[in-house]
Amino acid sequence: MIQNKLFHDSLAAIPDEQKAEFELSFGIAERMDAILKEKNISQRELARRLGKRESEVSRWLTGRHNFTTSTIAKIETALGSPLVQIAR
């Protein structure tokens, strides 16, 4: 029970803005992983298409990468599918 309280206290101490950033990063990584599986594209192949190292693509898929809009656009183009949808 102490660990549970500690976890909740720690989580409560994280600013909402930072929580939102984590959710976006993890959401993008999950979407990218789903597209790779759906289209049967390997991390190696995506890296090749982007001119990146496979290790960089692997880091992206952990959900801890701070994606720029430029990187997102390049990944979307390489995959032929959107990672992020903007409400208009």
# chains A, B, ... in the order shown; residues from 1 in each chain; ligands from 1
>>> residues_around(residues="stretch 29-35 of chain A", least_positions_apart="3", cutoff="7 Å", atoms="only C-alpha atoms", output="PDB file with all heavy atoms, in the first residue's frame")
ATOM      1  N   SER A  25       3.653  11.827 -26.945  1.00  0.00           N
ATOM      2  CA  SER A  25       4.805  11.057 -27.418  1.00  0.00           C
ATOM      3  C   SER A  25       4.493   9.566 -27.475  1.00  0.00           C
ATOM      4  O   SER A  25       4.813   8.887 -28.452  1.00  0.00           O
ATOM      5  CB  SER A  25       6.023  11.302 -26.519  1.00  0.00           C
ATOM      6  OG  SER A  25       6.478  12.621 -26.665  1.00  0.00           O
ATOM      7  N   PHE A  26       3.866   9.053 -26.419  1.00  0.00           N
ATOM      8  CA  PHE A  26       3.514   7.633 -26.400  1.00  0.00           C
ATOM      9  C   PHE A  26       2.451   7.324 -27.444  1.00  0.00           C
ATOM     10  O   PHE A  26       2.493   6.277 -28.091  1.00  0.00           O
ATOM     11  CB  PHE A  26       3.057   7.184 -25.014  1.00  0.00           C
ATOM     12  CG  PHE A  26       4.186   6.949 -24.062  1.00  0.00           C
ATOM     13  CD1 PHE A  26       4.449   7.841 -23.042  1.00  0.00           C
ATOM     14  CD2 PHE A  26       5.000   5.834 -24.188  1.00  0.00           C
ATOM     15  CE1 PHE A  26       5.506   7.631 -22.163  1.00  0.00           C
ATOM     16  CE2 PHE A  26       6.059   5.607 -23.324  1.00  0.00           C
ATOM     17  CZ  PHE A  26       6.313   6.515 -22.297  1.00  0.00           C
ATOM     18  N   GLU A  38       0.703  -3.062 -39.426  1.00  0.00           N
ATOM     19  CA  GLU A  38      -0.382  -3.137 -40.416  1.00  0.00           C
ATOM     20  C   GLU A  38       0.167  -3.256 -41.840  1.00  0.00           C
ATOM     21  O   GLU A  38      -0.353  -4.008 -42.659  1.00  0.00           O
ATOM     22  CB  GLU A  38      -1.237  -1.875 -40.288  1.00  0.00           C
ATOM     23  CG  GLU A  38      -2.305  -1.684 -41.319  1.00  0.00           C
ATOM     24  CD  GLU A  38      -2.967  -0.317 -41.173  1.00  0.00           C
ATOM     25  OE1 GLU A  38      -3.363   0.033 -40.046  1.00  0.00           O
ATOM     26  OE2 GLU A  38      -3.062   0.396 -42.191  1.00  0.00           O
ATOM     27  N   LYS A  39       1.224  -2.523 -42.119  1.00  0.00           N
ATOM     28  CA  LYS A  39       1.796  -2.507 -43.469  1.00  0.00           C
ATOM     29  C   LYS A  39       2.985  -3.458 -43.617  1.00  0.00           C
ATOM     30  O   LYS A  39       3.613  -3.482 -44.676  1.00  0.00           O
ATOM     31  CB  LYS A  39       2.211  -1.080 -43.832  1.00  0.00           C
ATOM     32  CG  LYS A  39       1.023  -0.135 -43.932  1.00  0.00           C
ATOM     33  CD  LYS A  39       1.421   1.203 -44.485  1.00  0.00           C
ATOM     34  CE  LYS A  39       0.168   2.043 -44.708  1.00  0.00           C
ATOM     35  NZ  LYS A  39       0.442   3.190 -45.564  1.00  0.00           N
ATOM     36  N   TRP A  60      12.456   5.988 -31.160  1.00  0.00           N
ATOM     37  CA  TRP A  60      11.162   6.632 -31.384  1.00  0.00           C
ATOM     38  C   TRP A  60      10.032   5.766 -30.862  1.00  0.00           C
ATOM     39  O   TRP A  60       9.053   6.253 -30.308  1.00  0.00           O
ATOM     40  CB  TRP A  60      10.922   6.900 -32.858  1.00  0.00           C
ATOM     41  CG  TRP A  60      11.826   7.900 -33.498  1.00  0.00           C
ATOM     42  CD1 TRP A  60      12.632   8.820 -32.877  1.00  0.00           C
ATOM     43  CD2 TRP A  60      12.014   8.095 -34.896  1.00  0.00           C
ATOM     44  NE1 TRP A  60      13.309   9.564 -33.808  1.00  0.00           N
ATOM     45  CE2 TRP A  60      12.948   9.141 -35.062  1.00  0.00           C
ATOM     46  CE3 TRP A  60      11.489   7.481 -36.019  1.00  0.00           C
ATOM     47  CZ2 TRP A  60      13.353   9.596 -36.311  1.00  0.00           C
ATOM     48  CZ3 TRP A  60      11.897   7.929 -37.264  1.00  0.00           C
ATOM     49  CH2 TRP A  60      12.813   8.981 -37.408  1.00  0.00           C
ATOM     50  N   LEU A  61      10.161   4.462 -31.065  1.00  0.00           N
ATOM     51  CA  LEU A  61       9.085   3.540 -30.696  1.00  0.00           C
ATOM     52  C   LEU A  61       8.980   3.295 -29.200  1.00  0.00           C
ATOM     53  O   LEU A  61       8.028   2.665 -28.751  1.00  0.00           O
ATOM     54  CB  LEU A  61       9.249   2.226 -31.461  1.00  0.00           C
ATOM     55  CG  LEU A  61       9.003   2.352 -32.972  1.00  0.00           C
ATOM     56  CD1 LEU A  61       9.456   1.099 -33.701  1.00  0.00           C
ATOM     57  CD2 LEU A  61       7.541   2.648 -33.258  1.00  0.00           C
ATOM     58  N   THR A  62       9.919   3.804 -28.418  1.00  0.00           N
ATOM     59  CA  THR A  62       9.820   3.678 -26.958  1.00  0.00           C
ATOM     60  C   THR A  62       8.801   4.653 -26.394  1.00  0.00           C
ATOM     61  O   THR A  62       8.341   4.482 -25.273  1.00  0.00           O
ATOM     62  CB  THR A  62      11.170   3.940 -26.260  1.00  0.00           C
ATOM     63  OG1 THR A  62      11.537   5.310 -26.442  1.00  0.00           O
ATOM     64  CG2 THR A  62      12.253   3.004 -26.751  1.00  0.00           C
ATOM     65  N   GLY A  63       8.481   5.707 -27.164  1.00  0.00           N
ATOM     66  CA  GLY A  63       7.528   6.703 -26.694  1.00  0.00           C
ATOM     67  C   GLY A  63       8.157   7.800 -25.868  1.00  0.00           C
ATOM     68  O   GLY A  63       7.467   8.661 -25.341  1.00  0.00           O
ATOM     69  N   LEU A  83       0.180  10.053 -38.600  1.00  0.00           N
ATOM     70  CA  LEU A  83       0.445   9.707 -37.202  1.00  0.00           C
ATOM     71  C   LEU A  83      -0.414  10.549 -36.274  1.00  0.00           C
ATOM     72  O   LEU A  83      -0.794  10.108 -35.204  1.00  0.00           O
ATOM     73  CB  LEU A  83       1.927   9.934 -36.845  1.00  0.00           C
ATOM     74  CG  LEU A  83       2.958   9.076 -37.540  1.00  0.00           C
ATOM     75  CD1 LEU A  83       4.361   9.514 -37.128  1.00  0.00           C
ATOM     76  CD2 LEU A  83       2.744   7.619 -37.183  1.00  0.00           C
TER      77      LEU A  83
END
>>> residues_around(residues="A:Leu46", least_positions_apart="2", cutoff="12 Å", atoms="only C-alpha atoms", output="PyMOL selection string")
chain A and resi 32-33+35-37+39-44+48-58+60-61+74-80
>>> closest_atom_pairs(of="stretch 45-88 of chain A", to="stretch 10-21 of chain A", cutoff="12 Å", atoms="only C-alpha atoms", output="JSON lines")
{"residue": "A:Gly63", "atom": "CA", "partner": "A:Glu21", "partner_atom": "CA", "distance": 10.4}
{"residue": "A:Arg64", "atom": "CA", "partner": "A:Glu21", "partner_atom": "CA", "distance": 9.6}
{"residue": "A:His65", "atom": "CA", "partner": "A:Glu21", "partner_atom": "CA", "distance": 10.1}
{"residue": "A:Asn66", "atom": "CA", "partner": "A:Glu21", "partner_atom": "CA", "distance": 8.3}
{"residue": "A:Phe67", "atom": "CA", "partner": "A:Glu21", "partner_atom": "CA", "distance": 10.1}
>>> select_by_dssp(residues="chain A", states="helix (DSSP H, G or I)", output="PyMOL selection string")
chain A and resi 2-12+16-38+43-50+54-60+69-79
>>> atom_distance(atom1="atom CA of A:Leu24", atom2="atom CA of A:Arg88")
18.3 Å
